[in-house]
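Note sheet for the following structure.
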Amino acid sequence: MRVLLIGSGGREHALAVGLAADPSVSYLAAAPGNPGIAQVAELHPVTATDPAAVAALAVELAADLVVVGPEAPLVAGVADAVRAKGIACFGPSAAAAQLEGSKAFAKDVMAAAGVPTARSYACTDAAAVSRALDDLGAPYVVKNDGLAAGKGVVVTDDRDAAERHAADCGAVVIEEYLSGPEVSLFVVTDGTTAVPLMPAQDFKRLADGDAGPNTGGMGAYAPLAWAPKDLVPRVLLETVEPTLAEMRRRGTPFAGLLYVGLALTPDGPKVIEFNARFGDPETQVVLALLETPLGGLLNAAATGTLAQQPRLSWRAGAAITVVVASQNYPATPRTGDVIEGAEVPGVIHAGTARREDGALVSAGGRVLSVTATGPDLAAARDAAYALVDGIRLDGAQFRRDIALSAVEGRITL
Ligand code: AMP
């Protein structure tokens, strides 16, 4: 099978490693890719959000399967354009990707499907914002309605800050605050059959102890030994199946990766958000533990044959990833700094570039996602931080406490 992977971040590097390890993948290309992905795939330049350009590249490369990593190309219609050329594509249509592209759309689908989630209001003017904040009370949760690379959400007790964020965004969803540990559940689906992957936990805040601003994600780990045993079947029953059914009913079936972001509240798991693609950095840990060949699984989802797939198999042990971000992330990250120690197995490239002289340099906010596995979470953690300590990047920011509370058994439900 000839596979073309679209994207250039850490998630795509992890997907590339998984695809390259699948014996059924005879050829792997990535566009535009990054220097880490270049170690396992042939890179081609492309504007990932240009549906016609991606479809033309897939034809040129005689791809059997296109795997779309990020949300922006999906929302732009890349999967539709690829499928229009008769090529299988892992990723939802533009219409179905609205589950991520618009928070208001996602809330509407959840309401119609009876999915447990936070009470919310979609608002477009200051008066509506004010009424919603009054009704729901603090802590205030204000979400940009459109795509914001995981950074469009403000959770605050400060009423002025909540109103400012709403005014900056224009269209927002204001919702009830959900308390409880957060879990990310990835579901591979062909629109009808749903195959859940292993739940993972990510760390959205920049600094240790969940301090600082929200980011795209500063680390992740799996498995979640503390999660309720019935978590996955319950979320499939209460959330995933009704959502997929509602999307089919609307004539826009969702096929690809349904990312369910959950809060495990005292009233049970409730949806914080849907995404239409693999999460970054949780993908790095989930795929590190997945034994089932990745290409075959994604191809089954893309061709409507998931029901015939054998049960997934998983490696024993645990995985953790620690994101190394550039100075000043998540504001305006400094780029162009030389990185040393990053070209070793386990170091996933998220925002890197190759300078003309061959040096590896930072090229984004999240630069590396340092991933390790081990017989248990403590061992995986030690291995990941040993790798982090071998990296040199001026101004690097990373958390020291990824998975620490889980290792110490401090997570309570
Ligand atoms: P989102 O982009 O919707 O995942 O939001 C980013 C982060 O904001 C989430 O991972 C949560 O930590 C936080 N968040 C979003 N919605 C809520 C909510 N309703 N209650 C509490 N925290 C939330």
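Naming works like this for the structure tokens: A, B, ... for the chains as they're shown, residue 1 at the start of each chain, ligands 1 onward in shown order.
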Strand (DSSP E) positions in segment 137-295 of chain A, given as a PyMOL selection string: chain A and resi 140-144+153-156+172-175+182-189+194-196+201-202+205-207+211-214+219-222+256-265+268-275
Given 8 Å and only C-alpha atoms and all ligand atoms, residues near ligand 1 as a count of residues only: 28
Spatial neighbours of segment 245-253 of chain A, max dist 8 Å, only C-alpha atoms, sep filter under 4 positions, as a compact mmCIF listing (two decimals) with N, CA and C atoms, in the first residue's frame:
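out_9.txt written:
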```
# COMPACT_ATOMS: atom_id res chain seq x y z
N SER A 93 -14.95 14.35 5.93
CA SER A 93 -15.30 15.39 4.96
C SER A 93 -15.30 16.75 5.65
N ALA A 95 -17.70 18.77 5.75
CA ALA A 95 -18.99 18.91 6.47
C ALA A 95 -18.90 18.22 7.84
N ALA A 96 -18.32 17.02 7.87
CA ALA A 96 -18.25 16.30 9.14
C ALA A 96 -17.18 16.89 10.07
N VAL A 109 -24.91 19.24 17.63
CA VAL A 109 -24.94 17.79 17.40
C VAL A 109 -25.06 17.05 18.73
N ALA A 112 -28.60 17.28 20.00
CA ALA A 112 -29.52 16.42 19.23
C ALA A 112 -29.29 14.95 19.55
N ALA A 113 -28.03 14.59 19.86
CA ALA A 113 -27.70 13.18 20.11
C ALA A 113 -27.84 12.81 21.58
N GLY A 191 -17.53 5.63 10.10
CA GLY A 191 -18.84 6.29 10.05
C GLY A 191 -19.89 5.47 10.75
N THR A 192 -19.66 4.14 10.80
CA THR A 192 -20.63 3.23 11.43
C THR A 192 -19.97 2.45 12.55
N GLU A 241 -21.49 6.44 19.88
CA GLU A 241 -22.51 5.85 19.00
C GLU A 241 -23.61 6.86 18.67
```
Near Leu224 of chain A, within 12 Å and counting only C-alpha atoms, which residues show up once chain neighbours fewer than 4 positions away are dropped, as a compact mmCIF listing (two decimals) with N, CA, C and O atoms, in the first residue's frame?
```txt
# COMPACT_ATOMS: atom_id res chain seq x y z
N PRO A 181 -10.91 15.08 36.52
CA PRO A 181 -9.77 14.83 35.66
C PRO A 181 -10.19 14.72 34.19
O PRO A 181 -11.29 14.27 33.89
N GLU A 182 -9.29 15.15 33.30
CA GLU A 182 -9.59 15.10 31.87
C GLU A 182 -8.97 13.88 31.23
O GLU A 182 -7.88 13.44 31.60
N VAL A 183 -9.71 13.34 30.25
CA VAL A 183 -9.25 12.16 29.51
C VAL A 183 -9.48 12.42 28.03
O VAL A 183 -10.48 13.02 27.65
N SER A 184 -8.53 11.97 27.21
CA SER A 184 -8.72 12.03 25.76
C SER A 184 -8.95 10.62 25.26
O SER A 184 -8.14 9.73 25.52
N LEU A 185 -10.05 10.42 24.54
CA LEU A 185 -10.32 9.11 23.94
C LEU A 185 -10.36 9.26 22.43
O LEU A 185 -11.15 10.05 21.90
N MET A 198 -6.68 3.46 23.16
CA MET A 198 -6.46 3.50 24.62
C MET A 198 -6.63 4.95 25.12
O MET A 198 -6.05 5.87 24.53
N PRO A 199 -7.39 5.17 26.18
CA PRO A 199 -7.51 6.55 26.70
C PRO A 199 -6.15 7.08 27.17
O PRO A 199 -5.32 6.31 27.65
N ALA A 200 -5.97 8.38 27.01
CA ALA A 200 -4.71 9.02 27.43
C ALA A 200 -5.06 10.30 28.17
O ALA A 200 -6.20 10.76 28.14
N GLN A 201 -4.08 10.85 28.86
CA GLN A 201 -4.29 12.15 29.49
C GLN A 201 -3.25 13.12 28.98
O GLN A 201 -2.08 12.77 28.85
N ASP A 202 -3.69 14.33 28.68
CA ASP A 202 -2.72 15.33 28.26
C ASP A 202 -2.68 16.48 29.26
O ASP A 202 -3.49 16.54 30.19
N ALA A 220 1.82 14.06 27.65
CA ALA A 220 0.72 13.10 27.74
C ALA A 220 1.26 11.77 28.22
O ALA A 220 2.48 11.53 28.16
N PRO A 228 -11.98 4.81 35.58
CA PRO A 228 -12.98 3.78 35.86
C PRO A 228 -12.93 2.68 34.80
O PRO A 228 -12.70 2.97 33.63
N LYS A 229 -13.14 1.46 35.23
CA LYS A 229 -13.02 0.31 34.31
C LYS A 229 -14.03 0.38 33.17
O LYS A 229 -13.78 -0.12 32.08
N LEU A 231 -15.07 3.05 31.67
CA LEU A 231 -15.00 4.34 30.98
C LEU A 231 -15.23 4.22 29.47
O LEU A 231 -16.09 4.90 28.90
N VAL A 232 -14.46 3.34 28.82
CA VAL A 232 -14.53 3.28 27.36
C VAL A 232 -15.89 2.77 26.88
O VAL A 232 -16.54 3.43 26.04
N VAL A 285 1.84 8.94 22.54
CA VAL A 285 1.86 7.85 23.53
C VAL A 285 0.93 6.70 23.13
O VAL A 285 1.26 5.53 23.34
N VAL A 286 -0.21 7.03 22.55
CA VAL A 286 -1.15 5.97 22.17
C VAL A 286 -0.53 5.09 21.08
O VAL A 286 -0.57 3.86 21.16
N GLY A 317 2.87 -2.31 29.38
CA GLY A 317 3.67 -1.19 29.86
C GLY A 317 2.99 0.14 29.63
O GLY A 317 1.76 0.21 29.47
N ALA A 318 3.78 1.20 29.66
CA ALA A 318 3.23 2.55 29.61
C ALA A 318 4.08 3.42 28.70
O ALA A 318 5.22 3.07 28.37
N ALA A 319 3.50 4.55 28.29
CA ALA A 319 4.23 5.50 27.43
C ALA A 319 3.98 6.91 27.94
O ALA A 319 2.91 7.22 28.47
N ILE A 320 4.98 7.75 27.77
CA ILE A 320 4.84 9.16 28.15
C ILE A 320 5.57 10.02 27.13
O ILE A 320 6.56 9.59 26.54
N ASP A 376 6.49 0.17 33.24
CA ASP A 376 5.42 0.86 33.96
C ASP A 376 5.61 2.37 33.77
O ASP A 376 6.58 2.81 33.15
N LEU A 377 4.66 3.14 34.30
CA LEU A 377 4.67 4.58 34.04
C LEU A 377 5.91 5.26 34.62
O LEU A 377 6.50 6.15 34.00
N ALA A 403 2.77 13.30 34.10
CA ALA A 403 2.44 11.97 34.63
C ALA A 403 2.86 11.76 36.09
O ALA A 403 2.71 10.66 36.63
N SER A 405 1.59 12.95 39.00
CA SER A 405 0.52 12.64 39.96
C SER A 405 0.00 11.22 39.72
O SER A 405 -0.41 10.55 40.68
N ALA A 406 0.03 10.74 38.48
CA ALA A 406 -0.41 9.35 38.22
C ALA A 406 0.59 8.37 38.81
O ALA A 406 0.21 7.37 39.43
N VAL A 407 1.88 8.65 38.63
CA VAL A 407 2.92 7.76 39.19
C VAL A 407 2.79 7.70 40.71
O VAL A 407 2.93 6.65 41.33
N GLY A 409 0.12 8.15 42.39
CA GLY A 409 -1.22 7.69 42.80
C GLY A 409 -2.06 8.80 43.42
O GLY A 409 -2.86 8.56 44.32
N ILE A 411 -4.22 10.84 41.74
CA ILE A 411 -5.41 11.26 40.99
C ILE A 411 -6.63 10.59 41.61
O ILE A 411 -6.69 9.36 41.71
N THR A 412 -7.59 11.42 42.00
CA THR A 412 -8.80 10.85 42.60
C THR A 412 -10.02 11.24 41.77
O THR A 412 -10.04 12.30 41.16
```
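Atom CA of Asp22 of chain A is found 5.1 Å from atom CA of Pro293 of chain A.
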All alpha helix (DSSP H) positions in segment 231-360 of chain A, as a PyMOL selection string: chain A and resi 231-235+241-249+282-289+294-302
Of the candidates A:Leu28, A:Ile174, A:Ile391, A:Ala88, which one gets nearest to Ala300 of chain A if we count only C-alpha atoms? A:Ala88
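Candidate residues A:Pro233, A:Gly170, A:Gly101, A:Gly295 were compared for distance to Ala16 of chain A, and the nearest is A:Gly295, using only C-alpha atoms.
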For Gly346 of chain A, work out the shell of residues within 10 Å, counting only C-alpha atoms and skipping chain neighbours fewer than 5 positions away, then give it as a PyMOL selection string. chain A and resi 14+17+284+288+321+369-373+383-384+387
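Atom pair atom CA of Asp401 of chain A / atom CA of Asp208 of chain A: separated by 5.8 Å.
Coordinates place atom CA of Pro330 of chain A at a distance of 15.9 Å from atom CA of Leu147 of chain A.
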If we count only C-alpha atoms, what is near Val172 of chain A at a cut-off of 12 Å, once residues fewer than 5 positions away on the same chain are taken out, given as an NGL selection string? :A and (102-105 or 107 or 120-126 or 128-130 or 132-133 or 141-148 or 152-154 or 162-167)
Could you turn the residues from that selection into a file that holds N, CA, C and O atoms, as a CSV table (one decimal), in the first residue's frame?
```csv
chain,number,residue,atom,x,y,z
A,102,SER,N,-16.4,24.1,14.3
A,102,SER,CA,-17.3,25.0,15.0
A,102,SER,C,-17.8,24.4,16.3
A,102,SER,O,-18.4,23.4,16.3
A,103,LYS,N,-17.4,25.1,17.4
A,103,LYS,CA,-17.9,24.6,18.7
A,103,LYS,C,-19.4,24.7,18.8
A,103,LYS,O,-20.0,23.8,19.4
A,104,ALA,N,-20.0,25.7,18.1
A,104,ALA,CA,-21.5,25.8,18.2
A,104,ALA,C,-22.1,24.6,17.4
A,104,ALA,O,-23.1,24.0,17.9
A,105,PHE,N,-21.5,24.2,16.3
A,105,PHE,CA,-22.0,23.1,15.5
A,105,PHE,C,-21.9,21.8,16.4
A,105,PHE,O,-22.9,21.0,16.5
A,107,LYS,N,-21.8,21.5,19.6
A,107,LYS,CA,-22.8,21.6,20.7
A,107,LYS,C,-24.2,21.2,20.2
A,107,LYS,O,-25.0,20.6,20.9
A,120,SER,N,-24.5,25.2,27.7
A,120,SER,CA,-23.7,26.2,27.0
A,120,SER,C,-24.6,27.2,26.2
A,120,SER,O,-25.8,26.9,26.0
A,121,TYR,N,-24.1,28.3,25.8
A,121,TYR,CA,-24.7,29.3,25.0
A,121,TYR,C,-23.8,29.7,23.9
A,121,TYR,O,-22.6,29.9,24.1
A,122,ALA,N,-24.3,29.7,22.6
A,122,ALA,CA,-23.5,30.3,21.5
A,122,ALA,C,-23.9,31.8,21.5
A,122,ALA,O,-25.1,32.2,21.5
A,123,CYS,N,-22.8,32.7,21.5
A,123,CYS,CA,-23.1,34.1,21.6
A,123,CYS,C,-22.3,34.9,20.6
A,123,CYS,O,-21.1,34.5,20.3
A,124,THR,N,-22.9,35.9,20.1
A,124,THR,CA,-22.2,36.7,19.1
A,124,THR,C,-22.2,38.2,19.5
A,124,THR,O,-21.6,39.0,18.8
A,125,ASP,N,-22.8,38.6,20.6
A,125,ASP,CA,-22.7,40.0,21.0
A,125,ASP,C,-22.6,40.1,22.5
A,125,ASP,O,-22.8,39.1,23.3
A,126,ALA,N,-22.1,41.3,23.0
A,126,ALA,CA,-21.8,41.5,24.4
A,126,ALA,C,-22.9,41.2,25.3
A,126,ALA,O,-22.7,40.7,26.4
A,128,ALA,N,-25.5,39.1,24.9
A,128,ALA,CA,-25.7,37.7,25.1
A,128,ALA,C,-24.5,37.1,25.9
A,128,ALA,O,-24.8,36.2,26.8
A,129,VAL,N,-23.3,37.6,25.7
A,129,VAL,CA,-22.2,37.1,26.5
A,129,VAL,C,-22.4,37.3,28.0
A,129,VAL,O,-22.3,36.4,28.8
A,130,SER,N,-22.9,38.5,28.3
A,130,SER,CA,-23.1,38.9,29.7
A,130,SER,C,-24.2,38.1,30.3
A,130,SER,O,-24.0,37.6,31.4
A,132,ALA,N,-25.1,35.0,29.4
A,132,ALA,CA,-24.5,33.7,29.6
A,132,ALA,C,-23.6,33.6,30.8
A,132,ALA,O,-23.7,32.6,31.6
A,133,LEU,N,-22.7,34.6,31.0
A,133,LEU,CA,-21.8,34.5,32.1
A,133,LEU,C,-22.6,34.6,33.4
A,133,LEU,O,-22.3,33.9,34.4
A,141,VAL,N,-16.0,29.7,31.3
A,141,VAL,CA,-15.4,29.0,30.2
A,141,VAL,C,-15.8,29.7,28.9
A,141,VAL,O,-17.0,29.6,28.6
A,142,VAL,N,-14.9,30.3,28.2
A,142,VAL,CA,-15.3,31.1,27.0
A,142,VAL,C,-14.4,30.5,25.8
A,142,VAL,O,-13.2,30.5,25.9
A,143,LYS,N,-15.1,30.0,24.8
A,143,LYS,CA,-14.5,29.3,23.7
A,143,LYS,C,-14.7,30.0,22.4
A,143,LYS,O,-15.8,30.3,22.0
A,144,ASN,N,-13.6,30.3,21.7
A,144,ASN,CA,-13.7,30.8,20.3
A,144,ASN,C,-14.5,29.8,19.5
A,144,ASN,O,-14.2,28.6,19.6
A,145,ASP,N,-15.4,30.2,18.7
A,145,ASP,CA,-16.3,29.3,17.9
A,145,ASP,C,-15.5,28.5,16.9
A,145,ASP,O,-15.7,27.4,16.6
A,146,GLY,N,-14.5,29.2,16.3
A,146,GLY,CA,-13.7,28.6,15.2
A,146,GLY,C,-12.5,27.8,15.6
A,146,GLY,O,-12.2,27.7,16.8
A,147,LEU,N,-11.7,27.4,14.6
A,147,LEU,CA,-10.4,26.7,14.9
A,147,LEU,C,-9.4,27.6,15.5
A,147,LEU,O,-9.3,28.8,15.1
A,148,ALA,N,-8.8,27.2,16.6
A,148,ALA,CA,-7.8,28.1,17.3
A,148,ALA,C,-6.6,27.3,17.8
A,148,ALA,O,-5.9,27.7,18.7
A,152,GLY,N,-7.9,28.5,21.9
A,152,GLY,CA,-9.0,29.5,21.8
A,152,GLY,C,-9.9,29.5,23.0
A,152,GLY,O,-10.9,30.1,23.0
A,153,VAL,N,-9.5,28.8,24.1
A,153,VAL,CA,-10.3,28.6,25.3
A,153,VAL,C,-9.7,29.4,26.4
A,153,VAL,O,-8.6,29.3,26.7
A,154,VAL,N,-10.6,30.2,27.1
A,154,VAL,CA,-10.1,30.8,28.3
A,154,VAL,C,-11.0,30.3,29.5
A,154,VAL,O,-12.2,30.3,29.3
A,162,ALA,N,-12.9,37.2,30.9
A,162,ALA,CA,-13.9,36.4,30.2
A,162,ALA,C,-14.6,37.2,29.1
A,162,ALA,O,-14.7,36.8,27.9
A,163,GLU,N,-15.0,38.4,29.5
A,163,GLU,CA,-15.7,39.3,28.5
A,163,GLU,C,-14.7,39.8,27.4
A,163,GLU,O,-15.1,39.9,26.3
A,164,ARG,N,-13.4,40.1,27.8
A,164,ARG,CA,-12.4,40.5,26.8
A,164,ARG,C,-12.2,39.4,25.8
A,164,ARG,O,-12.2,39.7,24.6
A,165,HIS,N,-12.1,38.2,26.3
A,165,HIS,CA,-11.8,37.1,25.3
A,165,HIS,C,-13.0,36.9,24.4
A,165,HIS,O,-12.8,36.7,23.2
A,166,ALA,N,-14.2,37.0,24.9
A,166,ALA,CA,-15.4,36.9,24.1
A,166,ALA,C,-15.4,38.0,23.0
A,166,ALA,O,-15.7,37.8,21.8
A,167,ALA,N,-15.1,39.2,23.4
A,167,ALA,CA,-15.0,40.4,22.5
A,167,ALA,C,-14.0,40.2,21.4
A,167,ALA,O,-14.2,40.4,20.2
```
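Comparing the minimum interatomic distances between Pro269 of chain A and each of A:Pro116, A:Ala301, A:Val187, A:Gly137, counting only C-alpha atoms, we find that A:Pro116 sits nearest.
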